[in-house]
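Novice: This structure is in structure tokens; I'll ask about it shortly.
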There are 2 protein chains.
Amino acid sequence: MASLQDIAVAAGINGLSALMFLMAFAMLRLQPVNDRVYFPKWYLKGIRANPVTAGKSVSKFVNLDPNMYLKFWKWMPAALNMPEPELIDHAGLDSAVYIRIYLLGSVYMFRISVLISHFHLTMLNLSCSLKIFVPITVLAFAVLVPVNWTNDTLENIQNLTYSSIDKLSISNVPAGSSRFWVHIGMAYIFSIWTWYALYEEYKIVAKMRLHFIAGEGRRPDQYTVLVRNVPPDPDESVTEHIEHFFCVNHPDHYLTHQVVYDANTLAALVDNIKNLNNRLTYYQNKYERNPAKRPTTKIGFLGICGSSVDAIEYYKDEIERCCKEEAAEREKVISDPNSIIPAAFVSFKSRWGAAVCAQTTQSSNPTIWLTEWAPEPRDVYWDNLAIPYVKLTVRRLLMAASLFFLVFFFMVPISIVQSMANIEGIEKVVPFLKPLIRKKSVKSVIQGFLPGIALKIFLVVLPTILMTMSKIEGLTSLSSLERKSAAKYHLFLLVNVFLGSIITGTAFQQLHKFVHQSATEIPKTVGVSIPMKATFFITYIMVDGWSGIAAEIVRLTPLVIFHLKNTFLVKTEKDREEAMDAGSLTFATSEPRIQLYFLLGLVYSAVTPILLPFIVVFFAFSYVVFRHQIINVYDQKYESGANFWPDVHRRIIIALIISQLLLMGLLSTKKATKSTPLLMLLPFLTMWFHLFCKGRFNSAFTEFPLQDAMVKDTLEKATEPNFNLKAYLEEAYIHPVFKAAELDRQMAINDEENNPLVATKRNSVMDSKHPSEEASPTIPVEPLE
Amino acid sequence: MASLQDIAVAAGINGLSALMFLMAFAMLRLQPVNDRVYFPKWYLKGIRANPVTAGKSVSKFVNLDPNMYLKFWKWMPAALNMPEPELIDHAGLDSAVYIRIYLLGSVYMFRISVLISHFHLTMLNLSCSLKIFVPITVLAFAVLVPVNWTNDTLENIQNLTYSSIDKLSISNVPAGSSRFWVHIGMAYIFSIWTWYALYEEYKIVAKMRLHFIAGEGRRPDQYTVLVRNVPPDPDESVTEHIEHFFCVNHPDHYLTHQVVYDANTLAALVDNIKNLNNRLTYYQNKYERNPAKRPTTKIGFLGICGSSVDAIEYYKDEIERCCKEEAAEREKVISDPNSIIPAAFVSFKSRWGAAVCAQTTQSSNPTIWLTEWAPEPRDVYWDNLAIPYVKLTVRRLLMAASLFFLVFFFMVPISIVQSMANIEGIEKVVPFLKPLIRKKSVKSVIQGFLPGIALKIFLVVLPTILMTMSKIEGLTSLSSLERKSAAKYHLFLLVNVFLGSIITGTAFQQLHKFVHQSATEIPKTVGVSIPMKATFFITYIMVDGWSGIAAEIVRLTPLVIFHLKNTFLVKTEKDREEAMDAGSLTFATSEPRIQLYFLLGLVYSAVTPILLPFIVVFFAFSYVVFRHQIINVYDQKYESGANFWPDVHRRIIIALIISQLLLMGLLSTKKATKSTPLLMLLPFLTMWFHLFCKGRFNSAFTEFPLQDAMVKDTLEKATEPNFNLKAYLEEAYIHPVFKAAELDRQMAINDEENNPLVATKRNSVMDSKHPSEEASPTIPVEPLE
């Protein structure tokens with residue numbers, strides 16, 4: 001058992017490592033050569049020019065201004081200073097609401113202190129300032145720590161080694177003590193506080209969402225409905241059938257529709273050409289740098305085997321061949337009626353018409369003519385649009401079964417791999433390595449390293465597996481895919497990290513144990529181990545949470561990849577832009593991890609309050625880091641309007657119920673059985689609270705109210721009576737492979753014109769003027785020379 | 001343990017008692033004096049005239065035609081002969097679908113045999129002929145009975161008294177025998193068969209519902225949406241606010257609306273006047289028969305105490321006073337703006353417009369402007385229209401808690417009452433009865449009788465309690481109230497009758513036991529007792545099922561009440577009509593009881609197949625009886641278009657899952673643990689099947705597809721271009737107390753005009769012509785003279 005001192009040392013080490021990451025980040029970000037890694041968002045927005053073309057030759061790559069180094073911590077207040085409405089404009093509602101999750105876990109207090117130090121007192125926003133964990137921490141330290149500390153249960157037990165951490169926890173209270181009433185009271189207060197904070201947050205997010213939707217400009221998805229499972233008609237083509245159906249059933253509102261082509265083969269060809277082009281560029285660059293020797297390549301598998309040929313010629317020929325293939329395929333897709341799938345994007349004359357069609361049942365057979373709001377054009381997942389109803393339900397069943405096996409039996413394939421990946425297994429597969437791996441040092445590395453790496457690889461691959469499963473389930477938008485994957489990952493973390501750390505044995509052994517235990521025994525079994533695992537989880541929070549977040553801000557992988565690409569592939573400005581990987585919030589993996597911290601915080605709030613400050617630090621630190629990232633780095637692929645909030649809310653509710661059940665189990669082993677009925681009430685009240693919130697706010701995330709649609713329609717008719725909506729919608733939902741690259745850019749520029757942040761056009765700030773002078777004063781863009 | 005002989009004797013006795021009821025019914029229904037008890041539906045439809053006015057004086061009351069007595073069993077084929085489409089026309093879809101539940105449990109085979117005997121072979125409808133239990137019974141007897149019978153486990157156990165029933169059940173198979181694979185295989189076959197039958201039935205009912213809705217004539221609820229929680233507006237009255245909102249948000253479709261008055265006080269006054277009128281009539285009749293003495297009454301509590309007054313004068317004065325009060329209240333309700341509640345029935349110009357409004361969200365605040373399909377005018381539950389959202393959720397929470405306590409603790413108040421209702425308790429309350437109740441015979445009656453009667457009274461009152469709970473929950477239509485009450489009653493029966501009979505102890509003791517048992521132990525505990533309780537349930541089926549259904553057809557209570565009313569209150573034809581109590585299908589109590597039989601049948605199908613024939617007889621018999629009742633007796637208060645089917649389906653699924661779990665539990669105690677994974681699959685597959693059916697068919701019961709609405713609108717516009725819809729809808733949704741009685745009648749006649757069954761008008765068949773000559777040939781109306 002670790003003592004308080006041990007914990008402090010660990011905190012110091014982890015804090016230091018986090019600080020080192022931060023220092024590294026502070027240094028790296030100031031170098032102009034890394035500018036595109038740490039500020040890609042501003043390039044994508046067209047506000048920042050290319051630093052390579054500006055200034056003297058050395059300062060192109062290295063920043064020599066000592067003043068800048070002294071102010072390295074400036075990014076933090078800069079990240080916090082952008083007010084929320086501007087942040088929504090800048091990064092979208094999804095991102096703005098996402099970082100509110102951290103805020104919900106943390107508190108504005110941190111922000112307040114930062115703000116006070118900058119004399120920005122006017123920006124104090126106390127309206128929703130006090131969130132879940134800071135008040136809980138304060139209260140727990142004020143009440144529970146003294147209550148626990150002033151007992152001497154542990155001291156009285158002979159031969160027991162205990163630490164000061166345990167003295168602060170509930171373990172120190174003797175069984176049957178009436179002091180447990182304090183813990184029960186605190187559990188009630190914490191629950192009520194959590195309900196209040198969740199209710200307020202749901203209310204604010206729902207309002208933000210409605211406000212965001214109401215304030216948005218014209219977007220194609222506001223007028224468009226995705227229709228799936230169009231029934232086949234013997235006399236009409238799909239497009240005729242759709243037109244007739246909607247002309248008849250929505251006569252006053254139907255405007256136009258776009259059929260969906262099955263362009264998966266074409267998309268693969270286009271990808272291939274892009275890939276070949278990259279290789280060609282690489283060899284051309286190589287040749288330019290060293291004109292003496294023409295580069296060669298081998299035409300076999302992966303360029304490793306086969307006969308050598310001139311690389312530039314070879315790839316030029318290959319590209320030409322593929323381009324022909326692509327043109328033929330493109331022709332075929334457009335002309336062949338069989339490549340039209342029975343789904344379409346149907347557009348209406350008004351938002352009202354689209355809202356009506358999206359929310360109503362069209363046919364008496366509920367498996368055909370399924371309508372739903374069209375996702376944003378860039379949010380569409382094109383591959384899944386043509387799955388018939390029965391197939392969908394079967395797929396869902398199979399995926400539910402797979403998820404069960406993945407969560408509870410994931411150790412089985414890994415142990416198989418591990419058992420094969422030992423010395424003997426390797427010797428069998430690659431006998432010529434025998435002398436090497438028989439060496440003692442190598443052997444020990446393999447034995448100690450390989451089993452671990454098998455698990456690590458699985459954990460790294462896991463989000464991709466989960467995403468593939470969600471794709472098989474047949475969801476039609478990227479945002480819903482991410483949400484579904486997050487739900488799966490959450491279950492995995494809950495079972496394998498949380499329960500797995502508390503109880504020994506694999507997930508399946510736990511399941512087996514639980515099934516053979518009574519409903520009242522399960523919380524007891526888990527609950528009784530809770531106080532003992534506090535130090536483990538504190539370490540976990542520091543290693544995974546603190547250092548993980550600090551590593552996030554350094555962006556090591558994108559940094560390396562960008563410089564590699566920059567060296568080998570980049571020739572033009574356009575290439576450099578493509579080499580830039582802005583990334584985006586990975587909702588599917590990071591949200592479930594936040595939920596794990598919520599769970600830990602809630603479970604330990606009444607048991608071992610010493611864990612709470614570590615959680616608070618994690619949330620506050622993450623808040624700052626991610627605020628910085630969404631302002632300067634991430635480029636969201638789509639905007640769903642914070643559609644994920646009901647999921648976040650539900651999972652915090654789940655965490656709350658788990659914490660209540662475990663406290664009940666723990667107390668019932670402490671001979672405080674009289675308290676059980678009182679504690680049993682809490683989960684039921686939490687359930688009811690969840691249903692109440694769902695009824696109160698959920699529809700804001702699933703439906704589009706007619707009143708709001710009508711307001712926007714009326715406004716639009718008054719301001720732009722002659723707008724040609726049909727032309728505007730004509731090309732909106734076209735499979736990306738049919739879109740010319742130029743068209744894409746055009747839209748981005750259009751976007752920018754509506755954006756109040758943008759003061760300058762792409763590539764026009766060539767003379768290295770101070771960009772932040774033109775942009776909003778709160779944008780944290782540093783000078784470049 | 002009862003032997004096969006005992007069971008046969010019990011079956012004989014119960015069959016005989018059922019037969020006696022049937023004979024009594026056959027005799028009673030032929031007497032003209034009972035005509036209004038056994039054929040009220042035909043009177044209400046206006047097809048049958050009053051038998052009292054027809055024929056000779058003796059035959060007014062007693063049927064003297066011996067031929068008729070010989071054909072007393074004729075009602076059975078008559079009940080079966082009406083084809084289903086005609087039945088729907090005659091009795092409504094609710095009733096027609098309700099009796100399909102019995103058919104689902106039973107089979108068409110019975111019908112086929114009856115039909116063959118009548119040479120109506122052409123009417124054979126085999127398309128959905130084979131339902132759940134007959135094939136299961138046949139298969140079980142062919143396979144499971146031999147498998148069980150040919151063991152000798154029970155014979156080998158020393159000192160065990162066993163019966164031939166047990167020899168037929170699974171108890172006779174030795175532990176660990178490989179014969180259990182037969183049982184598992186049969187469980188799979190039974191489950192698959194049940195899925196198939198349920199799927200087919202859901203499909204048929206959904207089709208029937210859509211066909212019914214499509215085929216209906218014009219009805220006010222097709223154009224109307226119930227709007228609740230209209231927000232208060234400082235500048236506008238409720239009616240102005242509603243008009244403005246819908247004029248703005250549904251500009252092309254809004255037609256008119258009707259506000260709802262809070263007329264509960266007024267309704268109470270009207271009821272009171274009706275009551276006083278009844279008393280006045282009673283005393284007037286008394287006076288007419290015995291003019292020598294003017295009747296008197298006492299004016300105190302319930303007419304028991306107080307000073308004596310002339311009854312006729314007194315009630316005349318009272319009625320006059322109340323009428324004045326009522327007029328004042330009526331004036332007040334109409335003129336006072338505060339008596340308008342924030343809810344309204346909003347009507348649209350087309351079904352399409354109403355369908356759109358009912359299915360969409362109106363406001364961004366989902367607790368105001370709530371829209372839903374308006375129930376039929378006669379289906380509206382007026383008292384609940386004005387409950388605000390938050391209050392509703394709190395009420396639901398409270399009712400959920402109450403239901404829990406009612407189900408698990410209902411024995412507590414009863415035992416308190418029972419403990420007070422003993423000899424000593426009675427002596428304390430009414431000491432003057434002491435000598436009487438001290439007598440041995442009286443004492444034993446009280447001791448043996450009172451505790452039982454306390455329980456009986458509770459069980460009789462229970463449906464009323466459950467209905468009151470549903471009313472408190474705030475549902476707005478009678479049909480939904482019935483559905484919710486049925487769900488509550490189903491839970492009660494499941495816990496207290498099914499589980500209560502299998503496991504000893506009160507429901508709470510069971511709950512306590514289950515909570516402290518592991519998830520795998522619970523099915524074992526219950527499952528192991530299942531075979532032992534077979535004889536008990538066979539007896540239960542005969543007593544509660546067979547005799548209960550036979551008692552239903554005799555209609556003892558309505559018979560007595562009608563004759564009492566006829567003697568004391570009836571003066572005019574109109575009075576006699578009012579004295580007639582047609583009753584209706586009591587969905588809230590009888591559907592959960594059917595579900596109990598489904599549960600028993602499914603649970604015992606693989607365990608003790610001997611129980612199955614009793615279930616089949618129950619279903620077949622009930623089918624005939626209820627078919628007769630809905631044709632000749634019941635007058636449904638509303639028509640919901642078989643909206644209850646999803647509930648029925650869900651409960652059969654629950655029964656199926658319970659049966660699968662219990663079989664798993666039973667087999668695992670029989671050392672057939674290898675089979676557990678195979679059986680564990682079944683409940684999951686059943687769940688998935690349920691979700692599949694729900695997705696496939698449920699929307700037919702909750703939504704109205706736009707395509708169907710458009711078809712009907714277009715048709716109507718073409719056939720009746722000048723119909724004045726506004727005038728038609730103006731008065732449709734008026735609180736019943738504001739409706740003149742005459743208006744009511746008018747609507748009934750309008751209904752009849754559209755009804756192909758009706759050949760004559762009310763009270764116009766005075767010359768006792770053979771009514772069935774004019775009506776459809778399949779109507780089972782016997783000649784009256």
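Ordering of the structure tokens sets the chain letters (A, B, ...); residue numbers start at 1 within each chain; ligands are numbered from 1 in the order shown.
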For Leu559 in chain A, find every residue with an atom within 10 Å (counting only C-alpha atoms), except residues of its own chain fewer than 5 positions away, and show them as number ranges by chain.
Specialist: A: 28, 34-38, 554, 564, 580-581
Novice: Can you tell me, as a count of residues only, what residues are no more than 8 Å from range 726-737 of chain A when counting only C-alpha atoms, ignoring any on the same chain fewer than 3 positions away?
Specialist: 16
Novice: Residues of chain B within 6 Å of chain A: nearest atom pair and distance (Å, one decimal) for each, counting only C-alpha atoms, sorted by chain and number, as CSV?
Specialist:
residue,atom,partner,partner_atom,distance
B:Asn249,CA,A:Gln707,CA,5.9
B:Gln359,CA,A:Thr360,CA,5.8
B:Thr360,CA,A:Gln359,CA,5.8
B:Thr361,CA,A:Pro705,CA,4.8
B:Gln362,CA,A:Pro705,CA,4.9
B:Ser363,CA,A:Pro705,CA,5.1
B:Ser364,CA,A:Pro705,CA,5.5
B:Val515,CA,A:Ala519,CA,5.3
B:His516,CA,A:Ser518,CA,4.9
B:Gln517,CA,A:Ser518,CA,4.0
B:Ser518,CA,A:Ser518,CA,3.2
B:Ala519,CA,A:Val515,CA,5.3
B:Thr520,CA,A:His516,CA,5.7
B:Pro705,CA,A:Thr361,CA,4.8
B:Leu706,CA,A:Gln362,CA,4.9
B:Gln707,CA,A:Ser363,CA,5.5
Novice: Mind writing the picked residues with C-alpha atoms as a CSV table (one decimal), in the first residue's frame?
Specialist:
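After the write, result23.csv holds the following:
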chain,number,residue,atom,x,y,z
B,249,ASN,CA,-47.0,27.1,-38.4
B,359,GLN,CA,-46.3,13.2,-35.9
B,360,THR,CA,-44.0,16.2,-35.7
B,361,THR,CA,-42.5,18.3,-32.9
B,362,GLN,CA,-44.0,21.8,-32.9
B,363,SER,CA,-41.8,23.8,-30.5
B,364,SER,CA,-38.2,23.7,-29.5
B,515,VAL,CA,-32.6,-10.7,-4.7
B,516,HIS,CA,-30.4,-12.9,-2.5
B,517,GLN,CA,-30.0,-15.6,-5.0
B,518,SER,CA,-27.8,-15.6,-8.0
B,519,ALA,CA,-29.1,-15.1,-11.5
B,520,THR,CA,-28.7,-18.7,-12.4
B,705,PRO,CA,-48.6,7.0,-43.0
B,706,LEU,CA,-48.8,10.0,-45.2
B,707,GLN,CA,-49.3,7.9,-48.3
Novice: Please report, as number ranges by chain, each residue of range 543-592 of chain B to which DSSP assigns alpha helix (DSSP H) when run on this structure's backbone.
Specialist: B: 548-554, 556-568, 573-579, 587-592
Novice: List the neighbours of range 614-623 of chain B out to 7 Å using only C-alpha atoms; skip same-chain residues closer than 5 positions along the sequence, and give me the result as a ChimeraX atom specification.
Specialist: /B:99,102-103,105-106,110,133-134,538,541,545-546,549,597,601
Novice: List as a PyMOL selection string the protein and nucleic acid residues near Trp369 in chain A, meaning an atom at most 8 Å away when only C-alpha atoms are counted, but skip any in the same chain fewer than 6 places from it.
Specialist: chain A and resi 227-231+362-363
Novice: Grab the residues selected above and save them as a compact mmCIF listing (two decimals), in the first residue's frame with all heavy atoms.
Specialist:
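What landed in out.txt:
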# COMPACT_ATOMS: atom_id res chain seq x y z
N VAL A 227 -33.87 9.29 -48.10
CA VAL A 227 -34.89 8.25 -48.26
C VAL A 227 -34.18 6.95 -48.56
O VAL A 227 -33.37 6.88 -49.49
CB VAL A 227 -35.86 8.60 -49.40
CG1 VAL A 227 -36.89 7.50 -49.57
CG2 VAL A 227 -36.52 9.92 -49.14
N ARG A 228 -34.49 5.91 -47.78
CA ARG A 228 -33.86 4.62 -48.03
C ARG A 228 -34.92 3.57 -48.32
O ARG A 228 -36.11 3.78 -48.09
CB ARG A 228 -33.03 4.21 -46.83
CG ARG A 228 -31.76 5.01 -46.75
CD ARG A 228 -30.80 4.37 -45.82
NE ARG A 228 -31.27 4.43 -44.45
CZ ARG A 228 -30.80 3.66 -43.49
NH1 ARG A 228 -29.89 2.76 -43.74
NH2 ARG A 228 -31.25 3.79 -42.27
N ASN A 229 -34.45 2.42 -48.77
CA ASN A 229 -35.35 1.30 -49.06
C ASN A 229 -36.49 1.70 -49.99
O ASN A 229 -37.66 1.46 -49.69
CB ASN A 229 -35.92 0.71 -47.76
CG ASN A 229 -34.84 0.11 -46.91
OD1 ASN A 229 -33.65 0.27 -47.20
ND2 ASN A 229 -35.21 -0.57 -45.86
N VAL A 230 -36.15 2.33 -51.08
CA VAL A 230 -37.14 2.60 -52.11
C VAL A 230 -37.54 1.27 -52.72
O VAL A 230 -36.67 0.51 -53.15
CB VAL A 230 -36.55 3.53 -53.19
CG1 VAL A 230 -37.53 3.74 -54.32
CG2 VAL A 230 -36.11 4.85 -52.58
N PRO A 231 -38.83 0.94 -52.72
CA PRO A 231 -39.21 -0.38 -53.25
C PRO A 231 -38.99 -0.44 -54.75
O PRO A 231 -39.13 0.57 -55.44
CB PRO A 231 -40.69 -0.48 -52.89
CG PRO A 231 -41.15 0.92 -52.78
CD PRO A 231 -39.99 1.72 -52.29
N GLN A 362 -44.00 7.41 -44.11
CA GLN A 362 -44.50 7.62 -45.46
C GLN A 362 -45.46 6.53 -45.91
O GLN A 362 -46.50 6.79 -46.48
CB GLN A 362 -43.35 7.71 -46.47
CG GLN A 362 -42.29 8.72 -46.09
CD GLN A 362 -42.85 10.10 -45.89
OE1 GLN A 362 -43.61 10.59 -46.71
NE2 GLN A 362 -42.52 10.72 -44.77
N SER A 363 -45.07 5.28 -45.64
CA SER A 363 -45.83 4.18 -46.21
C SER A 363 -46.38 3.31 -45.09
O SER A 363 -45.85 3.30 -43.98
CB SER A 363 -44.92 3.36 -47.11
OG SER A 363 -45.45 2.08 -47.29
Novice: In terms of the shortest atom-to-atom distance over only C-alpha atoms, which of B:Phe562, B:Trp181, B:Phe404, B:Phe432 is closest to Leu144 in chain B?
Specialist: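 So, comparing all the options, the nearest one is B:Trp181.
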Novice: Would you mind listing what lies within 12 Å of Phe536 in chain B as a PyMOL selection string, with only C-alpha atoms counted and same-chain residues fewer than 4 positions away left out?
Specialist: chain B and resi 1-3+6-7+10+165+497-498+501-502+529-532+540-544+600+611
Novice: Take the residues from that selection and write them out as a PDB file, in the first residue's frame, keeping N, CA and C atoms.
Specialist:
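selection.pdb written:
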ATOM      1  N   MET B   1     -50.646 -36.063  -4.569  1.00  0.00           N
ATOM      2  CA  MET B   1     -50.573 -35.997  -6.035  1.00  0.00           C
ATOM      3  C   MET B   1     -51.780 -36.689  -6.656  1.00  0.00           C
ATOM      4  N   ALA B   2     -52.391 -35.990  -7.521  1.00  0.00           N
ATOM      5  CA  ALA B   2     -53.595 -36.517  -8.154  1.00  0.00           C
ATOM      6  C   ALA B   2     -53.218 -37.488  -9.262  1.00  0.00           C
ATOM      7  N   SER B   3     -53.957 -38.511  -9.391  1.00  0.00           N
ATOM      8  CA  SER B   3     -53.717 -39.450 -10.478  1.00  0.00           C
ATOM      9  C   SER B   3     -54.496 -39.013 -11.705  1.00  0.00           C
ATOM     10  N   ASP B   6     -58.159 -38.996 -10.940  1.00  0.00           N
ATOM     11  CA  ASP B   6     -58.632 -37.813 -10.203  1.00  0.00           C
ATOM     12  C   ASP B   6     -58.842 -36.648 -11.145  1.00  0.00           C
ATOM     13  N   ILE B   7     -57.882 -36.467 -12.011  1.00  0.00           N
ATOM     14  CA  ILE B   7     -57.973 -35.368 -12.957  1.00  0.00           C
ATOM     15  C   ILE B   7     -59.203 -35.548 -13.844  1.00  0.00           C
ATOM     16  N   ALA B  10     -62.225 -34.608 -11.909  1.00  0.00           N
ATOM     17  CA  ALA B  10     -62.310 -33.151 -11.778  1.00  0.00           C
ATOM     18  C   ALA B  10     -62.752 -32.532 -13.099  1.00  0.00           C
ATOM     19  N   ILE B 165     -49.867 -38.942 -13.651  1.00  0.00           N
ATOM     20  CA  ILE B 165     -49.531 -37.648 -14.236  1.00  0.00           C
ATOM     21  C   ILE B 165     -48.018 -37.474 -14.248  1.00  0.00           C
ATOM     22  N   VAL B 497     -50.079 -14.779  -8.871  1.00  0.00           N
ATOM     23  CA  VAL B 497     -50.751 -16.038  -9.189  1.00  0.00           C
ATOM     24  C   VAL B 497     -49.755 -17.070  -9.699  1.00  0.00           C
ATOM     25  N   PHE B 498     -48.979 -16.717 -10.715  1.00  0.00           N
ATOM     26  CA  PHE B 498     -48.084 -17.720 -11.288  1.00  0.00           C
ATOM     27  C   PHE B 498     -46.949 -18.062 -10.331  1.00  0.00           C
ATOM     28  N   SER B 501     -48.121 -19.311  -6.872  1.00  0.00           N
ATOM     29  CA  SER B 501     -48.599 -20.694  -6.751  1.00  0.00           C
ATOM     30  C   SER B 501     -47.449 -21.678  -6.777  1.00  0.00           C
ATOM     31  N   ILE B 502     -46.368 -21.307  -7.463  1.00  0.00           N
ATOM     32  CA  ILE B 502     -45.256 -22.251  -7.601  1.00  0.00           C
ATOM     33  C   ILE B 502     -44.385 -22.232  -6.362  1.00  0.00           C
ATOM     34  N   SER B 529     -39.796 -26.641  -9.212  1.00  0.00           N
ATOM     35  CA  SER B 529     -41.140 -26.869  -8.666  1.00  0.00           C
ATOM     36  C   SER B 529     -42.193 -27.004  -9.759  1.00  0.00           C
ATOM     37  N   ILE B 530     -41.812 -26.657 -10.987  1.00  0.00           N
ATOM     38  CA  ILE B 530     -42.794 -26.619 -12.060  1.00  0.00           C
ATOM     39  C   ILE B 530     -43.538 -27.954 -12.247  1.00  0.00           C
ATOM     40  N   PRO B 531     -42.825 -29.076 -12.402  1.00  0.00           N
ATOM     41  CA  PRO B 531     -43.569 -30.314 -12.670  1.00  0.00           C
ATOM     42  C   PRO B 531     -44.518 -30.687 -11.539  1.00  0.00           C
ATOM     43  N   MET B 532     -44.155 -30.324 -10.304  1.00  0.00           N
ATOM     44  CA  MET B 532     -44.984 -30.700  -9.170  1.00  0.00           C
ATOM     45  C   MET B 532     -46.307 -29.961  -9.138  1.00  0.00           C
ATOM     46  N   TYR B 540     -56.815 -25.397 -11.716  1.00  0.00           N
ATOM     47  CA  TYR B 540     -57.028 -23.952 -11.837  1.00  0.00           C
ATOM     48  C   TYR B 540     -57.647 -23.619 -13.193  1.00  0.00           C
ATOM     49  N   ILE B 541     -57.095 -24.257 -14.238  1.00  0.00           N
ATOM     50  CA  ILE B 541     -57.611 -23.970 -15.583  1.00  0.00           C
ATOM     51  C   ILE B 541     -59.084 -24.361 -15.669  1.00  0.00           C
ATOM     52  N   MET B 542     -59.421 -25.491 -15.073  1.00  0.00           N
ATOM     53  CA  MET B 542     -60.806 -25.937 -15.175  1.00  0.00           C
ATOM     54  C   MET B 542     -61.735 -25.034 -14.382  1.00  0.00           C
ATOM     55  N   VAL B 543     -61.343 -24.700 -13.142  1.00  0.00           N
ATOM     56  CA  VAL B 543     -62.234 -23.907 -12.296  1.00  0.00           C
ATOM     57  C   VAL B 543     -62.301 -22.470 -12.794  1.00  0.00           C
ATOM     58  N   ASP B 544     -61.147 -21.857 -12.948  1.00  0.00           N
ATOM     59  CA  ASP B 544     -61.138 -20.444 -13.327  1.00  0.00           C
ATOM     60  C   ASP B 544     -61.458 -20.273 -14.809  1.00  0.00           C
ATOM     61  N   LEU B 600     -48.956 -20.498 -18.907  1.00  0.00           N
ATOM     62  CA  LEU B 600     -49.025 -21.873 -18.429  1.00  0.00           C
ATOM     63  C   LEU B 600     -48.787 -22.842 -19.575  1.00  0.00           C
ATOM     64  N   LEU B 611     -51.001 -31.090 -19.582  1.00  0.00           N
ATOM     65  CA  LEU B 611     -51.745 -29.863 -19.286  1.00  0.00           C
ATOM     66  C   LEU B 611     -52.285 -29.210 -20.549  1.00  0.00           C
TER      67      LEU B 611
END
Novice: Rounded to one decimal in Å, what is the spacing between CA of Lys671 in chain B and CA of Val607 in chain B?
Specialist: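 Separation between CA of Lys671 in chain B and CA of Val607 in chain B: 15.7 Å.
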